[in-house]
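Coordinates from entry12.tsv are shown below (TSV, C-alpha atoms and all ligand atoms).
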```
chain	number	residue	atom	x	y	z
A	1	MET	CA	-33.43	-84.53	-23.15
A	2	PRO	CA	-35.26	-84.48	-19.79
A	3	PRO	CA	-38.95	-83.57	-20.15
A	4	ASP	CA	-38.55	-80.34	-18.14
A	5	GLN	CA	-36.54	-78.89	-20.99
A	6	PHE	CA	-39.41	-79.07	-23.45
A	7	SER	CA	-41.41	-75.99	-24.28
A	8	PRO	CA	-45.05	-76.27	-23.12
A	9	VAL	CA	-46.20	-77.10	-26.65
A	10	GLU	CA	-43.54	-79.74	-27.12
A	11	ARG	CA	-44.23	-81.12	-23.69
A	12	SER	CA	-47.92	-81.60	-24.34
A	13	ARG	CA	-47.13	-83.21	-27.67
A	14	VAL	CA	-44.72	-85.60	-26.00
A	15	MET	CA	-47.17	-86.39	-23.23
A	16	ARG	CA	-49.89	-87.10	-25.75
A	17	ALA	CA	-47.58	-89.42	-27.63
A	18	VAL	CA	-46.66	-91.18	-24.41
A	19	ARG	CA	-50.26	-91.58	-23.39
A	20	SER	CA	-51.51	-92.81	-26.74
A	21	GLY	CA	-49.11	-95.73	-26.70
A	22	ASP	CA	-46.85	-97.08	-29.44
A	23	THR	CA	-43.97	-96.36	-27.12
A	24	SER	CA	-41.05	-98.69	-27.54
A	25	PRO	CA	-41.59	-100.53	-24.21
A	26	GLU	CA	-45.05	-101.36	-25.46
A	27	LEU	CA	-43.69	-102.52	-28.80
A	28	ALA	CA	-41.21	-104.75	-26.98
A	29	VAL	CA	-44.06	-106.39	-25.07
A	30	ARG	CA	-46.15	-106.76	-28.22
A	31	ARG	CA	-43.29	-108.46	-30.03
A	32	LEU	CA	-42.67	-110.89	-27.19
A	33	VAL	CA	-46.33	-111.78	-26.83
A	34	HIS	CA	-46.70	-112.16	-30.57
A	35	ALA	CA	-43.66	-114.47	-30.67
A	36	LEU	CA	-45.28	-116.57	-27.93
A	37	GLY	CA	-48.14	-117.18	-30.35
A	38	TYR	CA	-50.79	-115.02	-28.73
A	39	ARG	CA	-53.02	-112.63	-30.61
A	40	PHE	CA	-54.38	-109.52	-29.00
A	41	ARG	CA	-56.33	-106.33	-29.44
A	42	LEU	CA	-54.81	-102.93	-28.80
A	43	HIS	CA	-56.07	-100.15	-26.53
A	44	ARG	CA	-59.68	-101.21	-26.27
A	45	ARG	CA	-61.50	-97.97	-25.63
A	46	ASP	CA	-64.43	-99.65	-23.95
A	47	LEU	CA	-62.24	-100.85	-21.06
A	48	PRO	CA	-61.07	-98.77	-18.10
A	49	GLY	CA	-57.65	-97.28	-18.83
A	50	GLN	CA	-57.65	-98.64	-22.39
A	51	PRO	CA	-55.22	-101.48	-21.64
A	52	ASP	CA	-52.34	-101.70	-24.08
A	53	LEU	CA	-52.84	-105.37	-24.96
A	54	VAL	CA	-56.17	-107.13	-24.53
A	55	PHE	CA	-56.87	-110.85	-24.84
A	56	PRO	CA	-60.66	-110.95	-24.98
A	57	ARG	CA	-61.16	-114.72	-24.94
A	58	LEU	CA	-58.69	-115.18	-22.10
A	59	GLY	CA	-60.16	-112.33	-20.07
A	60	LYS	CA	-56.67	-110.93	-19.70
A	61	ALA	CA	-55.04	-107.60	-20.29
A	62	ILE	CA	-51.53	-106.20	-20.15
A	63	GLN	CA	-50.77	-102.62	-19.24
A	64	VAL	CA	-47.33	-101.26	-20.07
A	65	HIS	CA	-46.31	-98.29	-17.97
A	66	GLY	CA	-43.51	-95.80	-18.46
A	67	CYS	CA	-41.51	-95.65	-15.22
A	68	PHE	CA	-41.23	-91.85	-15.15
A	69	TRP	CA	-44.85	-90.96	-15.88
A	70	HIS	CA	-46.41	-93.67	-13.82
A	71	ARG	CA	-43.96	-93.50	-10.91
A	72	HIS	CA	-42.43	-96.94	-10.76
A	73	ALA	CA	-40.44	-97.76	-7.62
A	74	CYS	CA	-37.26	-97.85	-9.73
A	75	GLU	CA	-34.80	-94.98	-10.11
A	76	ALA	CA	-36.43	-93.51	-13.22
A	77	GLY	CA	-39.79	-93.52	-11.52
A	78	GLN	CA	-38.56	-91.69	-8.47
A	79	SER	CA	-36.86	-88.79	-10.24
A	80	THR	CA	-38.64	-85.45	-10.48
A	81	PRO	CA	-37.56	-82.54	-12.66
A	82	ALA	CA	-35.90	-79.82	-10.58
A	83	SER	CA	-38.07	-77.02	-11.94
A	84	ARG	CA	-41.82	-76.63	-11.41
A	85	MET	CA	-41.82	-79.42	-8.88
A	86	GLU	CA	-45.35	-78.75	-7.71
A	87	TYR	CA	-46.65	-79.08	-11.25
A	88	TRP	CA	-44.91	-82.40	-11.67
A	89	GLU	CA	-45.88	-83.75	-8.28
A	90	ALA	CA	-49.54	-82.96	-8.97
A	91	LYS	CA	-49.33	-84.54	-12.39
A	92	PHE	CA	-47.67	-87.68	-11.07
A	93	THR	CA	-50.21	-88.01	-8.28
A	94	ARG	CA	-53.02	-87.81	-10.82
A	95	ASN	CA	-51.37	-90.43	-13.03
A	96	VAL	CA	-50.84	-92.86	-10.16
A	97	GLU	CA	-54.38	-92.39	-8.88
A	98	ARG	CA	-55.83	-92.87	-12.35
A	99	ASP	CA	-53.78	-96.04	-12.83
A	100	ARG	CA	-54.92	-97.46	-9.51
A	101	HIS	CA	-58.53	-96.57	-10.23
A	102	ASN	CA	-58.48	-98.15	-13.70
A	103	LEU	CA	-56.76	-101.28	-12.47
A	104	ARG	CA	-59.36	-101.74	-9.76
A	105	LYS	CA	-62.20	-101.21	-12.22
A	106	LEU	CA	-60.75	-103.67	-14.72
A	107	ARG	CA	-60.29	-106.33	-12.06
A	108	ARG	CA	-63.81	-105.79	-10.76
A	109	LEU	CA	-65.06	-106.42	-14.29
A	110	GLY	CA	-63.34	-109.78	-14.09
A	111	TRP	CA	-60.18	-109.08	-16.07
A	112	SER	CA	-56.79	-110.43	-15.01
A	113	VAL	CA	-54.31	-107.65	-15.48
A	114	LEU	CA	-50.54	-107.76	-15.72
A	115	VAL	CA	-48.64	-104.50	-15.32
A	116	VAL	CA	-45.30	-104.39	-17.11
A	117	TRP	CA	-42.91	-101.54	-16.37
A	118	GLU	CA	-40.73	-99.89	-18.96
A	119	CYS	CA	-37.51	-100.87	-17.11
A	120	GLN	CA	-38.59	-104.52	-17.30
A	121	THR	CA	-38.66	-104.39	-21.11
A	122	ARG	CA	-34.96	-103.58	-21.53
A	123	ALA	CA	-32.94	-106.01	-23.58
A	124	ALA	CA	-31.03	-107.29	-20.55
A	125	LYS	CA	-34.31	-108.23	-18.85
A	126	ARG	CA	-36.12	-109.49	-21.94
A	127	GLU	CA	-35.77	-113.17	-21.05
A	128	ALA	CA	-37.23	-112.71	-17.57
A	129	LEU	CA	-40.07	-110.70	-19.08
A	130	ARG	CA	-40.75	-113.36	-21.70
A	131	ALA	CA	-41.07	-116.00	-18.95
A	132	ARG	CA	-43.34	-113.74	-16.92
A	133	LEU	CA	-45.59	-113.03	-19.92
A	134	LEU	CA	-45.85	-116.71	-20.68
A	135	ARG	CA	-46.77	-117.54	-17.07
A	136	PHE	CA	-49.44	-114.86	-17.09
A	137	LEU	CA	-50.96	-115.88	-20.41
A	138	GLU	CA	-50.87	-119.62	-19.72
A	139	ALA	CA	-52.30	-119.43	-16.21
A	201	ZN	ZN	-39.04	-98.90	-13.63
```

What does the file become when written as structure tokens?
Ligand SMILES: [Zn+2]
Amino acid sequence: MPPDQFSPVERSRVMRAVRSGDTSPELAVRRLVHALGYRFRLHRRDLPGQPDLVFPRLGKAIQVHGCFWHRHACEAGQSTPASRMEYWEAKFTRNVERDRHNLRKLRRLGWSVLVVWECQTRAAKREALRARLLRFLEA
């Protein structure tokens, strides 16, 4: 069901769930990283944007973004619900600005950050993602 068909209460519940993580793209990344032998912390609240996976000793973090909410350049990230477009546009703009701001802050604090998009976690792209995660973590 597209998000614009939720009632306001449902919508805010869904958005909260999306924001607080444990989304399946994030789980896919966690599983891959775990299988590569790396251990990590989740959603460290003391870091800008509470990165999804944090590797304190490596100084690295991985942020997993939903394409729709965080406006990826892919098809899912470019679609906007047909109703209440201004509401959505404003929301998306805020999300993108917040992401950019948090990323910049994290990097200024010395963290290396990898952003993984939801569409890159699909089964068909899992192998490419695994290789990319390994490159990032080994670097
Ligand atoms: Zn995408």

Task: Coordinates-based distance that separates atom CA of A:Val113 from atom CA of A:Ala61 (Å, one decimal) - done: 4.9 Å

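Listed by chain and then residue number, the contacts of ligand ZN 201 (chain A) are A:Cys67, A:His72, A:Ala73, A:Cys74, A:Glu75, A:Ala76, A:Gly77, A:Trp117, A:Glu118, A:Cys119, A:Gln120 (distance at most 7 Å, using all atoms listed in the file).
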
Open item on the list: Rounded to one decimal, what separation in Å do you get between atom CA of A:Glu89 and atom CA of A:Val115?
Closed with: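 Between these atoms lies a distance of 22.1 Å.
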
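Take atom CA of A:Arg98 and atom CA of A:Arg84: the distance between them is 21.5 Å.
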
- [ ] Go through A:Phe55, A:Lys91, A:Ala28, A:Lys105 one by one, measure the shortest atom-to-atom distance of each to A:Arg41 using all atoms listed in the file, and give the residue with the smallest value.
- [x]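 With all atoms listed in the file as the atom set, the closest residue is A:Phe55.
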
Task: Answer as a ChimeraX atom specification, residues within 12 Å of (-62.8, -99.1, -22.1) using only C-alpha atoms - done: /A:42-52,54,61,102-103,105-106,109,111

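With only C-alpha atoms as the basis for measurement, A:Arg31 is the residue among A:Ser24, A:Leu53, A:Glu97, A:Arg31 that approaches A:Arg130 most closely.
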
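In terms of minimum interatomic distance to A:Arg132, A:Val116 ranks closest within A:Arg107, A:Glu26, A:Gln63, A:Val116, counting all atoms listed in the file.
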
Within 12 Å of A:Ala139, counting all atoms listed in the file, which residues show up once you throw out same-chain ones fewer than 5 positions away? Write them as a PDB file with C-alpha atoms, in the coordinates of the input, please.
```
ATOM      1  CA  LEU A  58     -58.690-115.180 -22.100  1.00  0.00           C
ATOM      2  CA  GLY A  59     -60.160-112.330 -20.070  1.00  0.00           C
ATOM      3  CA  LYS A  60     -56.670-110.930 -19.700  1.00  0.00           C
ATOM      4  CA  SER A 112     -56.790-110.430 -15.010  1.00  0.00           C
ATOM      5  CA  VAL A 113     -54.310-107.650 -15.480  1.00  0.00           C
ATOM      6  CA  LEU A 114     -50.540-107.760 -15.720  1.00  0.00           C
ATOM      7  CA  ARG A 132     -43.340-113.740 -16.920  1.00  0.00           C
ATOM      8  CA  LEU A 133     -45.590-113.030 -19.920  1.00  0.00           C
ATOM      9  CA  LEU A 134     -45.850-116.710 -20.680  1.00  0.00           C
TER      10      LEU A 134
END
```

Could I get stretch 34-48 of chain A from the block written out with all heavy atoms, as an mmCIF file, in the first residue's frame?
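The result, stored in part32.cif:
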```
data_model
loop_
_atom_site.group_PDB
_atom_site.id
_atom_site.type_symbol
_atom_site.label_atom_id
_atom_site.label_comp_id
_atom_site.auth_asym_id
_atom_site.auth_seq_id
_atom_site.Cartn_x
_atom_site.Cartn_y
_atom_site.Cartn_z
ATOM 1 N N HIS A 34 27.770 -9.107 9.372
ATOM 2 C CA HIS A 34 27.996 -10.121 10.389
ATOM 3 C C HIS A 34 28.690 -11.342 9.781
ATOM 4 O O HIS A 34 29.647 -11.876 10.333
ATOM 5 C CB HIS A 34 26.653 -10.517 11.008
ATOM 6 C CG HIS A 34 26.786 -11.271 12.291
ATOM 7 N ND1 HIS A 34 26.767 -12.655 12.334
ATOM 8 C CD2 HIS A 34 26.967 -10.853 13.552
ATOM 9 C CE1 HIS A 34 26.932 -13.030 13.581
ATOM 10 N NE2 HIS A 34 27.042 -11.977 14.348
ATOM 11 N N ALA A 35 28.203 -11.749 8.599
ATOM 12 C CA ALA A 35 28.775 -12.916 7.913
ATOM 13 C C ALA A 35 30.219 -12.649 7.477
ATOM 14 O O ALA A 35 31.006 -13.594 7.311
ATOM 15 C CB ALA A 35 27.919 -13.296 6.712
ATOM 16 N N LEU A 36 30.560 -11.381 7.285
ATOM 17 C CA LEU A 36 31.936 -11.032 6.922
ATOM 18 C C LEU A 36 32.852 -11.056 8.150
ATOM 19 O O LEU A 36 34.055 -10.862 8.039
ATOM 20 C CB LEU A 36 31.993 -9.641 6.270
ATOM 21 C CG LEU A 36 31.378 -9.533 4.866
ATOM 22 C CD1 LEU A 36 31.293 -8.066 4.433
ATOM 23 C CD2 LEU A 36 32.188 -10.330 3.858
ATOM 24 N N GLY A 37 32.257 -11.262 9.317
ATOM 25 C CA GLY A 37 33.059 -11.406 10.529
ATOM 26 C C GLY A 37 33.236 -10.130 11.326
ATOM 27 O O GLY A 37 34.044 -10.084 12.252
ATOM 28 N N TYR A 38 32.492 -9.096 10.968
ATOM 29 C CA TYR A 38 32.621 -7.828 11.688
ATOM 30 C C TYR A 38 31.536 -7.691 12.747
ATOM 31 O O TYR A 38 30.403 -8.119 12.552
ATOM 32 C CB TYR A 38 32.527 -6.650 10.714
ATOM 33 C CG TYR A 38 33.758 -6.499 9.853
ATOM 34 C CD1 TYR A 38 33.867 -7.176 8.640
ATOM 35 C CD2 TYR A 38 34.818 -5.690 10.264
ATOM 36 C CE1 TYR A 38 35.000 -7.045 7.851
ATOM 37 C CE2 TYR A 38 35.936 -5.556 9.485
ATOM 38 C CZ TYR A 38 36.037 -6.235 8.276
ATOM 39 O OH TYR A 38 37.151 -6.106 7.504
ATOM 40 N N ARG A 39 31.931 -7.110 13.866
ATOM 41 C CA ARG A 39 30.971 -6.833 14.929
ATOM 42 C C ARG A 39 30.723 -5.335 14.967
ATOM 43 O O ARG A 39 31.605 -4.552 14.672
ATOM 44 C CB ARG A 39 31.508 -7.320 16.285
ATOM 45 C CG ARG A 39 31.727 -8.841 16.314
ATOM 46 C CD ARG A 39 30.403 -9.599 16.137
ATOM 47 N NE ARG A 39 30.621 -11.026 15.996
ATOM 48 C CZ ARG A 39 30.651 -11.674 14.826
ATOM 49 N NH1 ARG A 39 30.517 -11.000 13.687
ATOM 50 N NH2 ARG A 39 30.833 -12.961 14.772
ATOM 51 N N PHE A 40 29.529 -4.974 15.355
ATOM 52 C CA PHE A 40 29.167 -3.562 15.293
ATOM 53 C C PHE A 40 28.181 -3.197 16.378
ATOM 54 O O PHE A 40 27.569 -4.060 16.999
ATOM 55 C CB PHE A 40 28.554 -3.244 13.921
ATOM 56 C CG PHE A 40 27.537 -4.275 13.484
ATOM 57 C CD1 PHE A 40 26.221 -4.169 13.890
ATOM 58 C CD2 PHE A 40 27.912 -5.350 12.685
ATOM 59 C CE1 PHE A 40 25.283 -5.120 13.501
ATOM 60 C CE2 PHE A 40 26.979 -6.311 12.293
ATOM 61 C CZ PHE A 40 25.667 -6.196 12.707
ATOM 62 N N ARG A 41 28.055 -1.903 16.583
ATOM 63 C CA ARG A 41 27.039 -1.363 17.489
ATOM 64 C C ARG A 41 25.913 -0.797 16.645
ATOM 65 O O ARG A 41 26.145 -0.401 15.500
ATOM 66 C CB ARG A 41 27.644 -0.235 18.348
ATOM 67 C CG ARG A 41 28.893 -0.640 19.105
ATOM 68 C CD ARG A 41 28.542 -1.510 20.286
ATOM 69 N NE ARG A 41 27.601 -0.832 21.170
ATOM 70 C CZ ARG A 41 27.951 -0.006 22.139
ATOM 71 N NH1 ARG A 41 29.219 0.243 22.378
ATOM 72 N NH2 ARG A 41 27.041 0.570 22.895
ATOM 73 N N LEU A 42 24.724 -0.750 17.223
ATOM 74 C CA LEU A 42 23.577 -0.245 16.478
ATOM 75 C C LEU A 42 23.152 1.138 16.958
ATOM 76 O O LEU A 42 23.119 1.384 18.165
ATOM 77 C CB LEU A 42 22.389 -1.203 16.641
ATOM 78 C CG LEU A 42 22.578 -2.615 16.086
ATOM 79 C CD1 LEU A 42 21.376 -3.469 16.453
ATOM 80 C CD2 LEU A 42 22.769 -2.586 14.577
ATOM 81 N N HIS A 43 22.848 2.012 16.002
ATOM 82 C CA HIS A 43 22.177 3.290 16.280
ATOM 83 C C HIS A 43 22.775 4.037 17.461
ATOM 84 O O HIS A 43 22.065 4.367 18.407
ATOM 85 C CB HIS A 43 20.686 3.061 16.564
ATOM 86 C CG HIS A 43 20.017 2.251 15.525
ATOM 87 N ND1 HIS A 43 19.675 2.749 14.287
ATOM 88 C CD2 HIS A 43 19.641 0.945 15.501
ATOM 89 C CE1 HIS A 43 19.108 1.808 13.577
ATOM 90 N NE2 HIS A 43 19.079 0.693 14.277
ATOM 91 N N ARG A 44 24.053 4.298 17.422
ATOM 92 C CA ARG A 44 24.636 5.010 18.561
ATOM 93 C C ARG A 44 24.088 6.410 18.673
ATOM 94 O O ARG A 44 24.264 7.236 17.793
ATOM 95 C CB ARG A 44 26.163 5.013 18.440
ATOM 96 C CG ARG A 44 26.740 3.863 19.236
ATOM 97 C CD ARG A 44 28.209 3.919 19.440
ATOM 98 N NE ARG A 44 28.765 5.223 19.675
ATOM 99 C CZ ARG A 44 30.082 5.421 19.710
ATOM 100 N NH1 ARG A 44 30.916 4.433 19.522
ATOM 101 N NH2 ARG A 44 30.546 6.625 19.918
ATOM 102 N N ARG A 45 23.412 6.659 19.779
ATOM 103 C CA ARG A 45 22.674 7.916 19.939
ATOM 104 C C ARG A 45 23.586 9.115 20.114
ATOM 105 O O ARG A 45 23.145 10.259 19.960
ATOM 106 C CB ARG A 45 21.727 7.812 21.134
ATOM 107 C CG ARG A 45 20.572 6.887 20.860
ATOM 108 C CD ARG A 45 19.592 6.795 22.018
ATOM 109 N NE ARG A 45 18.575 5.804 21.699
ATOM 110 C CZ ARG A 45 17.514 6.030 20.933
ATOM 111 N NH1 ARG A 45 17.339 7.228 20.419
ATOM 112 N NH2 ARG A 45 16.646 5.085 20.683
ATOM 113 N N ASP A 46 24.847 8.848 20.471
ATOM 114 C CA ASP A 46 25.746 9.984 20.673
ATOM 115 C C ASP A 46 26.359 10.467 19.354
ATOM 116 O O ASP A 46 27.121 11.416 19.345
ATOM 117 C CB ASP A 46 26.852 9.594 21.669
ATOM 118 C CG ASP A 46 27.641 8.366 21.213
ATOM 119 O OD1 ASP A 46 27.022 7.441 20.634
ATOM 120 O OD2 ASP A 46 28.856 8.336 21.426
ATOM 121 N N LEU A 47 26.045 9.824 18.248
ATOM 122 C CA LEU A 47 26.603 10.247 16.967
ATOM 123 C C LEU A 47 25.534 10.910 16.096
ATOM 124 O O LEU A 47 24.373 10.515 16.145
ATOM 125 C CB LEU A 47 27.188 9.035 16.225
ATOM 126 C CG LEU A 47 28.389 8.371 16.883
ATOM 127 C CD1 LEU A 47 28.830 7.153 16.085
ATOM 128 C CD2 LEU A 47 29.544 9.358 17.026
ATOM 129 N N PRO A 48 25.958 11.903 15.299
ATOM 130 C CA PRO A 48 24.999 12.591 14.437
ATOM 131 C C PRO A 48 24.248 11.609 13.530
ATOM 132 O O PRO A 48 24.861 10.775 12.870
ATOM 133 C CB PRO A 48 25.884 13.517 13.586
ATOM 134 C CG PRO A 48 27.133 13.687 14.370
ATOM 135 C CD PRO A 48 27.319 12.410 15.153
#
```
